[in-house]
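J.: Sharing a structure with you now.
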Amino acid sequence: MSALSEASEHLLGLHEPVMARGDGALAALRQTGRDHFAALGLPHPQLEEWRYTNLAPLAKERFTLPARRAVSRADLEAVACPVFACSLCVFIDGIYDPALSALGAGADLHVESLAALSASELAQSAAGLDTLVDGKLHPFAALNTALLEDAAIVRAPRGTRTAEPLHVVFVSTGAGEVRSPRLFIVAEDDSQVRVIQDHVSLGGESGLTNAVTEVRVGSNAEVDCITLQRDTADGFLVSNLAAQVERSGRFGSSVLTFGGRLVRNDLSVVLAGEGAEARMNGLFVGGGKRLIDNHTLVDHAVPHCTSHELYKGLLGGQSRGVFRGRVLVRPGAQKTWAEQSNPNLLLSRNAEIDTKPQLEIHADDVKCSHGSAIGQLHEEALFYLRSRAIDEHEARGLLTRGFAREVLDALPVEALREGLEATLEASLGEAAQDE
Amino acid sequence: MLEIKNLHARAGENEILKGIDLTIAGGEVHAIMGPNGSGKSTLSNVLAGRPTVEVTAGSVTYDGKNLLELEPEERAREGVFLAFQYPVEIPGVTNSYFLKASVNAVRRHRGEEELDAMDFLQLVREKMKAVEMDEKFLHRAINEGFSGGEKKRNEILQMALLEPRFAILDEADSGLDIDALRIVADGVNRLRGPDRGMLVITHYQRLLEYIVPDFVHVLAEGRIATSGGKELALELEERGYGWLETEPKGAAAG
Ligand SMILES: Nc1ncnc2c1ncn2[C@@H]1O[C@H](COP(=O)(O)OP(=O)(O)O)[C@@H](O)[C@H]1O
Ligand SMILES: [Mg+2]
């Protein structure tokens with residue numbers, strides 16, 4: 001048996017103990033995930049989608065289920081700091097922690113823990129869960145479902161606008177464990193909501209964080225979803241984020257990756273109603289021997305939709321980046337406007353990026369553009385700063401930060417632009433190291 | 001203050017400066033004129049320390065120090081300033097952050113206390129007023145989307161903030177209307193003083209009506225072809241540069 005299938009078997013074996021923990025209402029869902037994962041197994045590098053990301057290092061690991069440790073508020077604030085002036089919803093190793101959470105009482109936004117729902121509530125509140133990410137295609141999403149114990153269910157009722165963002169913190173606490181964070185956002189027609197999905201670790205530096213997020217954006221609704229991967233250490237981070245946007249809806253995604261030994265993010269957005277709009281931003285910062293892989297897909301299924309995508313990569317040391325941006329314009333999706341750009345900055349000679357746009361355009365009246373660039377620091381700019389007395393080291397830092405800034409400055413939560421300064425600083429520091 | 005001897009320099013494949021001799025004493029303003037491609041910007045780049053220009057022979061002494069040994073940032077801290085012919089756009093770095101970092105780097109070097117945000121703001125506001133620059137430019141990225149004139153004013157603002165002892169202005173006047181030209185010239189004239197030296201590079205005599213030089217040199221094909229007083233600029237304006245090639249070279253003054 002190959003290493004990948006042995007590891008798949010091992011992961012599959014974790015499904016039984018999760019089932020034994022109870023939660024009858026979720027059993028059927030988990031069973032589907034299990035079956036899909038059993039059929040797919042861990043993806044092989046011969047698959048086109050996984051060509052640049054070899055899971056051999058992951059296949060060597062024998063992850064265990066989370067042991068569930070207690071986390072104090074002080075511990076939480078140290079890593080999820082700053083905890084913003086917003087509703088707070090905390091999951092420890094994938095399980096909701098009501099004591100640490102602070103959900104605005106009486107607020108319009110409904111936030112629930114999946115595990116706390118009865119079977120009938122489940123059918124209502126969580127209707128549509130596990131329908132946006134296809135477990136038959138995405139083995140990690142299937143694995144998440146197979147091991148699912150809890151999830152954040154967020155619902156913005158029709159016509160509600162929530163001024164304060166919701167901060168969902170997923171904390172990893174144990175080494176070598178597999179976590180299955182899950183987030184489900186439903187924005188009903190004419191509603192508006194901003195969600196920060198914040199992955200942090202407290203002793204959970206190694207292990208596998210395998211997240212799934214599904215977002216339904218109703219007609220004329222607006223959702224911003226900010227994903228922060230700042231488990232700044234040696235874990236495997238996998239995420240599947242899928243959104244579907246109805247007529248005149250707007251979905252904004254920002255995925256910011258600051259850590260992880262091997263990171264693979266799949267983002268897919270379906271523009272399903274006319275006039276729908278997607279804004280997909282990304283920033284990934286890598287140093288050491290990290291591998292950060294972003295696969296995105298925007299599906300223009302109907303006419304008159306717009307997508308803007310900007311992913312910026314900043315790689316130092318011997319790190320490697322992968323960006324694959326698929327834009328699908330379906331037959332008849334006229335007046336599509338799709339823009340994609342992926343500028344990358346390599347800080348060392350040994351850093352690498354594989355970037356590839358993939359435009360599949362089956363309509364003729366469309367405006368599509370894409371561009372990717374791989375550059376070193378701009379020598380002209382460096383000399384300009386140095387000629388103004390700024391030393392070379394600081395000048396390099398300023399230019400590098402300037403490159404990353406664009407994505408931070410575009411974040412729809414203002415407090416985060418400053419709040420992430422320290423996280424960015426730390427990861428840039430690491431990326432600037434030669435080896 | 002500055003002594004350039006037999007300076008040869010190369011950029012890319014080409015030898016561009018082919019033996020420049022020039023001495024600038026404190027209090028003097030020297031103008032350099034010359035046709036396009038004669039090496040004016042290369043000379044300013046050598047003095048500011050641009051890494052892509054290689055000095056192949058000769059020396060530059062600044063205040064008794066070997067200028068060519070210093071890194072660009074060390075030169076700036078020692079009071080050398082170059083106003084760029086083509087100021088660089090730097091997205092993502094705000095002008096205010098940059099200007100403060102620059103001012104404080106020089107202050108640290110001089111053993112002065114660094115300015116805090118409040119003091120810096122006060123200083124920069126005052127200097128911006130002098131170059132008639134709107135404060136909104138503080139919050140913009142360095143030179144990004146600035147018009148030609150705005151970029152030049154930003155250069156003069158930096159010069160005013162850093163108060164260099166030796167300033168080089170590389171075509172500070174190009175593309176400026178008469179009002180902007182006056183603002184740039186005023187900025188330079190305010191800085192003139194007995195212990196400051198200046199090298200004003202220009203293509204046109206016009207700027208020299210506002211910044212009256214003590215000496216004018218003509219650079220042609222990497223050498224100083226002729227030197228004289230301020231009246232030389234007028235002569236060049238009337239006769240163009242063509243006659244330089246046929247007449248014998250004048251002695252380098254200074
Ligand atoms: N980096 C470079 N590589 C090759 N040639 C250069 C470089 N920089 C300048 N040159 C050449 O050197 C000559 C002088 O350029 P420059 O100093 O910019 O002239 P000026 O400022 O007088 O117009 C020109 O022929 C120009 O093409
Ligand atoms: Mg020039």
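Identifiers in the structure tokens: chain A, B, ... in order shown; residue index from 1 per chain; ligand index from 1 in order shown.
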Enumerate as a list in words the residues belonging to chain B that approach chain A to within 7 Å, with only C-alpha atoms taken into account.

T.: Ala48, Arg50, Pro72, Glu73, Glu74, Ala76, Arg77, Val88, Ile90, Pro91, Gly92, Val93, Ala101, Ser102, Ala105 and Val106 of chain B

J.: Could you give me, as number ranges by chain, every polymer residue with an atom at most 9 Å away from an atom of ligand 2, counting only C-alpha atoms and all ligand atoms?

T.: B: 36-42, 44, 85-86, 170-171, 201-203

J.: I'd like the neighbourhood of stretch 307-311 of chain A as a PyMOL selection string, where a residue qualifies if any of its atoms comes within 7 Å (using only C-alpha atoms), though same-chain residues fewer than 5 positions away should be ignored.

T.: chain A and resi 277-283+337-343

J.: List the spatial neighbours of B:Glu13 as a VMD selection string - criterion: any atom at most 12 Å away, only C-alpha atoms, same-chain residues fewer than 3 positions off excluded.

T.: chain B and resid 9 to 10 16 52 to 54

J.: Can you list, as number ranges by chain, every protein, DNA or RNA residue that comes within 12 Å of A:Leu424 when you count only C-alpha atoms, leaving out same-chain residues fewer than 6 positions away?

T.: A: 228-230, 232, 256-259, 283-286, 314, 397, 400-405, 407-408, 416-418, 430-432

J.: Store the residues picked out above, limited to N, CA and C atoms, as a PDB file, in the first residue's frame.

T.:
ATOM      1  N   LEU A 228      -8.137  34.414   8.156  1.00  0.00           N
ATOM      2  CA  LEU A 228      -6.770  34.658   8.615  1.00  0.00           C
ATOM      3  C   LEU A 228      -6.137  33.336   8.999  1.00  0.00           C
ATOM      4  N   GLN A 229      -5.080  32.977   8.320  1.00  0.00           N
ATOM      5  CA  GLN A 229      -4.352  31.774   8.696  1.00  0.00           C
ATOM      6  C   GLN A 229      -3.103  32.249   9.401  1.00  0.00           C
ATOM      7  N   ARG A 230      -3.199  32.327  10.725  1.00  0.00           N
ATOM      8  CA  ARG A 230      -2.010  32.785  11.432  1.00  0.00           C
ATOM      9  C   ARG A 230      -1.546  31.804  12.486  1.00  0.00           C
ATOM     10  N   THR A 232       0.979  30.439  13.109  1.00  0.00           N
ATOM     11  CA  THR A 232       2.312  30.679  12.545  1.00  0.00           C
ATOM     12  C   THR A 232       3.309  29.572  12.821  1.00  0.00           C
ATOM     13  N   LEU A 256      -5.728  35.568   4.056  1.00  0.00           N
ATOM     14  CA  LEU A 256      -4.390  36.019   4.410  1.00  0.00           C
ATOM     15  C   LEU A 256      -3.638  34.896   5.110  1.00  0.00           C
ATOM     16  N   THR A 257      -2.569  34.454   4.502  1.00  0.00           N
ATOM     17  CA  THR A 257      -1.826  33.317   5.023  1.00  0.00           C
ATOM     18  C   THR A 257      -0.477  33.770   5.561  1.00  0.00           C
ATOM     19  N   PHE A 258      -0.273  33.553   6.851  1.00  0.00           N
ATOM     20  CA  PHE A 258       0.973  33.983   7.475  1.00  0.00           C
ATOM     21  C   PHE A 258       1.796  32.821   8.006  1.00  0.00           C
ATOM     22  N   GLY A 259       1.257  31.620   7.906  1.00  0.00           N
ATOM     23  CA  GLY A 259       2.025  30.527   8.494  1.00  0.00           C
ATOM     24  C   GLY A 259       1.634  29.208   7.883  1.00  0.00           C
ATOM     25  N   LEU A 283      -3.363  37.275   0.263  1.00  0.00           N
ATOM     26  CA  LEU A 283      -1.970  37.620   0.540  1.00  0.00           C
ATOM     27  C   LEU A 283      -1.340  36.399   1.177  1.00  0.00           C
ATOM     28  N   PHE A 284      -0.244  35.939   0.631  1.00  0.00           N
ATOM     29  CA  PHE A 284       0.444  34.844   1.304  1.00  0.00           C
ATOM     30  C   PHE A 284       1.910  35.179   1.483  1.00  0.00           C
ATOM     31  N   VAL A 285       2.365  34.974   2.705  1.00  0.00           N
ATOM     32  CA  VAL A 285       3.733  35.310   3.054  1.00  0.00           C
ATOM     33  C   VAL A 285       4.423  34.040   3.512  1.00  0.00           C
ATOM     34  N   GLY A 286       5.507  33.691   2.878  1.00  0.00           N
ATOM     35  CA  GLY A 286       6.185  32.450   3.236  1.00  0.00           C
ATOM     36  C   GLY A 286       7.674  32.630   3.407  1.00  0.00           C
ATOM     37  N   LEU A 314       4.391  36.717  -1.344  1.00  0.00           N
ATOM     38  CA  LEU A 314       5.662  37.262  -0.891  1.00  0.00           C
ATOM     39  C   LEU A 314       6.462  36.107  -0.316  1.00  0.00           C
ATOM     40  N   GLY A 397      12.709  46.451   3.945  1.00  0.00           N
ATOM     41  CA  GLY A 397      11.534  46.186   4.771  1.00  0.00           C
ATOM     42  C   GLY A 397      10.352  47.049   4.358  1.00  0.00           C
ATOM     43  N   THR A 400       8.935  45.854   1.031  1.00  0.00           N
ATOM     44  CA  THR A 400       8.255  44.575   1.170  1.00  0.00           C
ATOM     45  C   THR A 400       6.896  44.779   1.827  1.00  0.00           C
ATOM     46  N   ARG A 401       6.896  45.556   2.902  1.00  0.00           N
ATOM     47  CA  ARG A 401       5.644  45.853   3.586  1.00  0.00           C
ATOM     48  C   ARG A 401       4.691  46.607   2.653  1.00  0.00           C
ATOM     49  N   GLY A 402       5.255  47.513   1.869  1.00  0.00           N
ATOM     50  CA  GLY A 402       4.453  48.279   0.924  1.00  0.00           C
ATOM     51  C   GLY A 402       3.745  47.363  -0.062  1.00  0.00           C
ATOM     52  N   PHE A 403       4.447  46.319  -0.457  1.00  0.00           N
ATOM     53  CA  PHE A 403       3.884  45.344  -1.389  1.00  0.00           C
ATOM     54  C   PHE A 403       2.697  44.622  -0.750  1.00  0.00           C
ATOM     55  N   ALA A 404       2.860  44.237   0.506  1.00  0.00           N
ATOM     56  CA  ALA A 404       1.797  43.502   1.204  1.00  0.00           C
ATOM     57  C   ALA A 404       0.631  44.405   1.584  1.00  0.00           C
ATOM     58  N   ARG A 405       0.951  45.659   1.827  1.00  0.00           N
ATOM     59  CA  ARG A 405      -0.023  46.634   2.343  1.00  0.00           C
ATOM     60  C   ARG A 405      -1.316  46.699   1.519  1.00  0.00           C
ATOM     61  N   VAL A 407      -3.146  44.635   0.085  1.00  0.00           N
ATOM     62  CA  VAL A 407      -4.194  43.684   0.446  1.00  0.00           C
ATOM     63  C   VAL A 407      -4.752  44.028   1.834  1.00  0.00           C
ATOM     64  N   LEU A 408      -3.862  44.387   2.756  1.00  0.00           N
ATOM     65  CA  LEU A 408      -4.339  44.768   4.096  1.00  0.00           C
ATOM     66  C   LEU A 408      -5.222  46.010   4.027  1.00  0.00           C
ATOM     67  N   LEU A 416      -8.697  45.752  11.501  1.00  0.00           N
ATOM     68  CA  LEU A 416      -7.763  44.673  11.145  1.00  0.00           C
ATOM     69  C   LEU A 416      -6.525  45.183  10.427  1.00  0.00           C
ATOM     70  N   ARG A 417      -6.680  46.273   9.693  1.00  0.00           N
ATOM     71  CA  ARG A 417      -5.553  46.785   8.910  1.00  0.00           C
ATOM     72  C   ARG A 417      -4.391  47.078   9.841  1.00  0.00           C
ATOM     73  N   GLU A 418      -4.693  47.690  10.986  1.00  0.00           N
ATOM     74  CA  GLU A 418      -3.672  47.961  11.983  1.00  0.00           C
ATOM     75  C   GLU A 418      -3.422  46.717  12.819  1.00  0.00           C
ATOM     76  N   GLU A 430      10.365  36.509   9.114  1.00  0.00           N
ATOM     77  CA  GLU A 430      10.754  35.138   8.805  1.00  0.00           C
ATOM     78  C   GLU A 430      11.074  34.987   7.314  1.00  0.00           C
ATOM     79  N   ALA A 431      10.242  35.607   6.470  1.00  0.00           N
ATOM     80  CA  ALA A 431      10.451  35.495   5.022  1.00  0.00           C
ATOM     81  C   ALA A 431      11.762  36.150   4.593  1.00  0.00           C
ATOM     82  N   ALA A 432      12.200  37.142   5.367  1.00  0.00           N
ATOM     83  CA  ALA A 432      13.419  37.865   4.996  1.00  0.00           C
ATOM     84  C   ALA A 432      14.688  37.080   5.323  1.00  0.00           C
TER      85      ALA A 432
END

J.: How far is it from atom CA of A:Leu55 to atom CA of A:Leu148, in Å with one decimal?

T.: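 Rounded to one decimal, the two atoms are 22.2 Å apart.
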
J.: Quick one: residues within 12 Å of A:Arg326, only C-alpha atoms counted, chain neighbours fewer than 4 positions away excluded, as a PDB file with N, CA, C and O atoms, in the first residue's frame?

T.:
ATOM      1  N   GLU A  49      -4.966  18.997 -10.362  1.00  0.00           N
ATOM      2  CA  GLU A  49      -5.221  19.961  -9.297  1.00  0.00           C
ATOM      3  C   GLU A  49      -4.154  19.936  -8.189  1.00  0.00           C
ATOM      4  O   GLU A  49      -4.071  20.844  -7.373  1.00  0.00           O
ATOM      5  N   ASP A 266      -8.497  26.169  -1.259  1.00  0.00           N
ATOM      6  CA  ASP A 266      -9.358  26.144  -2.436  1.00  0.00           C
ATOM      7  C   ASP A 266     -10.503  27.109  -2.192  1.00  0.00           C
ATOM      8  O   ASP A 266     -11.235  26.968  -1.223  1.00  0.00           O
ATOM      9  N   LEU A 267     -10.609  28.079  -3.081  1.00  0.00           N
ATOM     10  CA  LEU A 267     -11.709  29.033  -2.975  1.00  0.00           C
ATOM     11  C   LEU A 267     -12.514  28.926  -4.249  1.00  0.00           C
ATOM     12  O   LEU A 267     -11.957  28.975  -5.349  1.00  0.00           O
ATOM     13  N   SER A 268     -13.821  28.739  -4.093  1.00  0.00           N
ATOM     14  CA  SER A 268     -14.603  28.723  -5.315  1.00  0.00           C
ATOM     15  C   SER A 268     -15.878  29.533  -5.137  1.00  0.00           C
ATOM     16  O   SER A 268     -16.566  29.438  -4.126  1.00  0.00           O
ATOM     17  N   VAL A 269     -16.115  30.406  -6.098  1.00  0.00           N
ATOM     18  CA  VAL A 269     -17.260  31.311  -6.021  1.00  0.00           C
ATOM     19  C   VAL A 269     -18.108  31.122  -7.269  1.00  0.00           C
ATOM     20  O   VAL A 269     -17.593  31.208  -8.383  1.00  0.00           O
ATOM     21  N   VAL A 270     -19.378  30.856  -7.061  1.00  0.00           N
ATOM     22  CA  VAL A 270     -20.300  30.751  -8.189  1.00  0.00           C
ATOM     23  C   VAL A 270     -21.160  32.008  -8.227  1.00  0.00           C
ATOM     24  O   VAL A 270     -21.844  32.327  -7.245  1.00  0.00           O
ATOM     25  N   ASN A 294      -2.570  28.293  -3.397  1.00  0.00           N
ATOM     26  CA  ASN A 294      -3.922  28.837  -3.504  1.00  0.00           C
ATOM     27  C   ASN A 294      -4.521  28.467  -4.845  1.00  0.00           C
ATOM     28  O   ASN A 294      -3.977  28.828  -5.890  1.00  0.00           O
ATOM     29  N   HIS A 295      -5.602  27.751  -4.807  1.00  0.00           N
ATOM     30  CA  HIS A 295      -6.367  27.442  -6.007  1.00  0.00           C
ATOM     31  C   HIS A 295      -7.687  28.190  -5.930  1.00  0.00           C
ATOM     32  O   HIS A 295      -8.416  28.031  -4.952  1.00  0.00           O
ATOM     33  N   THR A 296      -7.982  28.993  -6.924  1.00  0.00           N
ATOM     34  CA  THR A 296      -9.253  29.708  -6.876  1.00  0.00           C
ATOM     35  C   THR A 296     -10.039  29.442  -8.151  1.00  0.00           C
ATOM     36  O   THR A 296      -9.471  29.162  -9.203  1.00  0.00           O
ATOM     37  N   LEU A 297     -11.339  29.540  -8.015  1.00  0.00           N
ATOM     38  CA  LEU A 297     -12.223  29.390  -9.164  1.00  0.00           C
ATOM     39  C   LEU A 297     -13.361  30.381  -9.033  1.00  0.00           C
ATOM     40  O   LEU A 297     -13.999  30.478  -7.984  1.00  0.00           O
ATOM     41  N   VAL A 298     -13.575  31.157 -10.085  1.00  0.00           N
ATOM     42  CA  VAL A 298     -14.784  31.962 -10.105  1.00  0.00           C
ATOM     43  C   VAL A 298     -15.587  31.522 -11.319  1.00  0.00           C
ATOM     44  O   VAL A 298     -15.071  31.442 -12.431  1.00  0.00           O
ATOM     45  N   ASP A 299     -16.842  31.197 -11.046  1.00  0.00           N
ATOM     46  CA  ASP A 299     -17.712  30.610 -12.060  1.00  0.00           C
ATOM     47  C   ASP A 299     -18.777  31.633 -12.447  1.00  0.00           C
ATOM     48  O   ASP A 299     -19.707  31.906 -11.680  1.00  0.00           O
ATOM     49  N   HIS A 300     -18.580  32.234 -13.622  1.00  0.00           N
ATOM     50  CA  HIS A 300     -19.584  33.171 -14.124  1.00  0.00           C
ATOM     51  C   HIS A 300     -20.662  32.346 -14.819  1.00  0.00           C
ATOM     52  O   HIS A 300     -20.533  32.006 -15.987  1.00  0.00           O
ATOM     53  N   SER A 307     -16.171  39.948 -11.493  1.00  0.00           N
ATOM     54  CA  SER A 307     -15.258  39.414 -10.483  1.00  0.00           C
ATOM     55  C   SER A 307     -13.914  40.121 -10.571  1.00  0.00           C
ATOM     56  O   SER A 307     -13.402  40.375 -11.656  1.00  0.00           O
ATOM     57  N   GLU A 309     -10.105  39.854  -8.840  1.00  0.00           N
ATOM     58  CA  GLU A 309      -9.283  38.994  -8.003  1.00  0.00           C
ATOM     59  C   GLU A 309      -7.870  39.540  -7.929  1.00  0.00           C
ATOM     60  O   GLU A 309      -7.257  39.869  -8.932  1.00  0.00           O
ATOM     61  N   ALA A 338     -14.356  40.094 -15.800  1.00  0.00           N
ATOM     62  CA  ALA A 338     -13.533  39.322 -14.874  1.00  0.00           C
ATOM     63  C   ALA A 338     -12.089  39.805 -14.923  1.00  0.00           C
ATOM     64  O   ALA A 338     -11.487  39.846 -15.987  1.00  0.00           O
ATOM     65  N   GLU A 339     -11.596  40.189 -13.777  1.00  0.00           N
ATOM     66  CA  GLU A 339     -10.205  40.645 -13.706  1.00  0.00           C
ATOM     67  C   GLU A 339      -9.453  39.793 -12.707  1.00  0.00           C
ATOM     68  O   GLU A 339      -9.972  39.496 -11.633  1.00  0.00           O
ATOM     69  N   GLN A 340      -8.235  39.461 -13.046  1.00  0.00           N
ATOM     70  CA  GLN A 340      -7.440  38.659 -12.127  1.00  0.00           C
ATOM     71  C   GLN A 340      -6.003  39.154 -12.165  1.00  0.00           C
ATOM     72  O   GLN A 340      -5.466  39.405 -13.238  1.00  0.00           O
ATOM     73  N   SER A 341      -5.397  39.277 -11.017  1.00  0.00           N
ATOM     74  CA  SER A 341      -3.974  39.571 -11.048  1.00  0.00           C
ATOM     75  C   SER A 341      -3.255  38.907  -9.881  1.00  0.00           C
ATOM     76  O   SER A 341      -3.793  38.751  -8.793  1.00  0.00           O
ATOM     77  N   THR A 355       2.801  30.126 -10.961  1.00  0.00           N
ATOM     78  CA  THR A 355       1.548  30.857 -11.079  1.00  0.00           C
ATOM     79  C   THR A 355       0.963  30.612 -12.461  1.00  0.00           C
ATOM     80  O   THR A 355       1.686  30.593 -13.453  1.00  0.00           O
ATOM     81  N   LYS A 356      -0.337  30.389 -12.461  1.00  0.00           N
ATOM     82  CA  LYS A 356      -0.968  30.040 -13.729  1.00  0.00           C
ATOM     83  C   LYS A 356      -2.428  30.467 -13.728  1.00  0.00           C
ATOM     84  O   LYS A 356      -3.230  29.977 -12.939  1.00  0.00           O
ATOM     85  N   PRO A 357      -2.775  31.409 -14.599  1.00  0.00           N
ATOM     86  CA  PRO A 357      -4.194  31.719 -14.737  1.00  0.00           C
ATOM     87  C   PRO A 357      -4.795  30.658 -15.652  1.00  0.00           C
ATOM     88  O   PRO A 357      -4.090  30.054 -16.449  1.00  0.00           O
ATOM     89  N   GLN A 358      -6.078  30.432 -15.500  1.00  0.00           N
ATOM     90  CA  GLN A 358      -6.718  29.483 -16.409  1.00  0.00           C
ATOM     91  C   GLN A 358      -8.068  30.054 -16.793  1.00  0.00           C
ATOM     92  O   GLN A 358      -9.014  30.025 -16.009  1.00  0.00           O
ATOM     93  N   LEU A 359      -8.129  30.620 -17.979  1.00  0.00           N
ATOM     94  CA  LEU A 359      -9.356  31.263 -18.430  1.00  0.00           C
ATOM     95  C   LEU A 359     -10.102  30.331 -19.360  1.00  0.00           C
ATOM     96  O   LEU A 359      -9.556  29.889 -20.361  1.00  0.00           O
ATOM     97  N   GLU A 360     -11.330  30.042 -18.992  1.00  0.00           N
ATOM     98  CA  GLU A 360     -12.163  29.212 -19.863  1.00  0.00           C
ATOM     99  C   GLU A 360     -13.387  30.030 -20.210  1.00  0.00           C
ATOM    100  O   GLU A 360     -14.309  30.144 -19.418  1.00  0.00           O
ATOM    101  N   ILE A 361     -13.334  30.636 -21.390  1.00  0.00           N
ATOM    102  CA  ILE A 361     -14.354  31.611 -21.738  1.00  0.00           C
ATOM    103  C   ILE A 361     -15.227  31.086 -22.869  1.00  0.00           C
ATOM    104  O   ILE A 361     -14.748  30.846 -23.970  1.00  0.00           O
ATOM    105  N   CYS A 368     -12.333  40.268 -20.009  1.00  0.00           N
ATOM    106  CA  CYS A 368     -11.557  39.461 -19.072  1.00  0.00           C
ATOM    107  C   CYS A 368     -10.098  39.860 -19.160  1.00  0.00           C
ATOM    108  O   CYS A 368      -9.569  40.057 -20.248  1.00  0.00           O
ATOM    109  N   SER A 369      -9.460  39.974 -18.029  1.00  0.00           N
ATOM    110  CA  SER A 369      -8.033  40.258 -18.062  1.00  0.00           C
ATOM    111  C   SER A 369      -7.362  39.480 -16.954  1.00  0.00           C
ATOM    112  O   SER A 369      -7.973  39.145 -15.943  1.00  0.00           O
ATOM    113  N   HIS A 370      -6.115  39.183 -17.165  1.00  0.00           N
ATOM    114  CA  HIS A 370      -5.369  38.527 -16.103  1.00  0.00           C
ATOM    115  C   HIS A 370      -3.916  38.907 -16.240  1.00  0.00           C
ATOM    116  O   HIS A 370      -3.449  39.278 -17.319  1.00  0.00           O
TER     117      HIS A 370
END

J.: Just want the 9 Å neighbourhood of B:Gln205, counted on only C-alpha atoms, with same-chain residues fewer than 6 positions away dropped. Output as a short mmCIF file (atom, residue, chain, number, x, y, z; two decimals) with C-alpha atoms, in the first residue's frame.

T.:
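And here is the file that came out, around_21.cif:
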data_model
loop_
_atom_site.label_atom_id
_atom_site.label_comp_id
_atom_site.auth_asym_id
_atom_site.auth_seq_id
_atom_site.Cartn_x
_atom_site.Cartn_y
_atom_site.Cartn_z
CA MET B 33 24.24 72.17 -18.94
CA ALA B 233 24.22 80.00 -20.07
CA LEU B 234 22.82 82.83 -22.19
CA LEU B 236 24.32 78.55 -24.99
CA GLU B 237 20.70 79.54 -25.20
#

J.: Smallest atom-to-atom distance to A:Ser372: which of A:Ala243, A:Val322, A:Ala115, A:Ala333, using only C-alpha atoms?

T.: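 Nearest candidate to A:Ser372 out of A:Ala243, A:Val322, A:Ala115, A:Ala333: A:Val322.
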
J.: If you run DSSP on the backbone, which residues of stretch 360-391 of chain A are alpha helix (DSSP H), as a ChimeraX atom specification?

T.: /A:379-386

J.: Include N, CA and C atoms and write out the residues we just selected as an mmCIF file, in the first residue's frame.

T.:
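Result file is part19.cif:
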data_model
loop_
_atom_site.group_PDB
_atom_site.id
_atom_site.type_symbol
_atom_site.label_atom_id
_atom_site.label_comp_id
_atom_site.auth_asym_id
_atom_site.auth_seq_id
_atom_site.Cartn_x
_atom_site.Cartn_y
_atom_site.Cartn_z
ATOM 1 N N GLU A 379 14.855 47.816 -7.774
ATOM 2 C CA GLU A 379 16.161 48.421 -7.451
ATOM 3 C C GLU A 379 16.098 49.951 -7.442
ATOM 4 N N GLU A 380 15.315 50.501 -8.364
ATOM 5 C CA GLU A 380 15.158 51.954 -8.426
ATOM 6 C C GLU A 380 14.579 52.492 -7.123
ATOM 7 N N ALA A 381 13.550 51.786 -6.650
ATOM 8 C CA ALA A 381 12.881 52.221 -5.419
ATOM 9 C C ALA A 381 13.836 52.094 -4.235
ATOM 10 N N LEU A 382 14.610 51.026 -4.243
ATOM 11 C CA LEU A 382 15.562 50.805 -3.161
ATOM 12 C C LEU A 382 16.587 51.940 -3.107
ATOM 13 N N PHE A 383 17.098 52.305 -4.279
ATOM 14 C CA PHE A 383 18.085 53.390 -4.326
ATOM 15 C C PHE A 383 17.450 54.712 -3.908
ATOM 16 N N TYR A 384 16.234 54.926 -4.322
ATOM 17 C CA TYR A 384 15.541 56.176 -3.969
ATOM 18 C C TYR A 384 15.454 56.321 -2.446
ATOM 19 N N LEU A 385 15.032 55.254 -1.777
ATOM 20 C CA LEU A 385 14.896 55.317 -0.320
ATOM 21 C C LEU A 385 16.265 55.491 0.347
ATOM 22 N N ARG A 386 17.259 54.757 -0.153
ATOM 23 C CA ARG A 386 18.597 54.863 0.446
ATOM 24 C C ARG A 386 19.170 56.255 0.246
#

J.: Based on DSSP run over this structure's backbone, return all residues of stretch 81-155 of chain B in strand (DSSP E or B), as a count of residues only.

T.: 10

J.: Compare B:Pro87, B:Gly193, B:Gly27, B:Gly111 by their minimum atom-to-atom distance to B:Lys152, counting only C-alpha atoms, and give me the closest one.

T.: B:Pro87
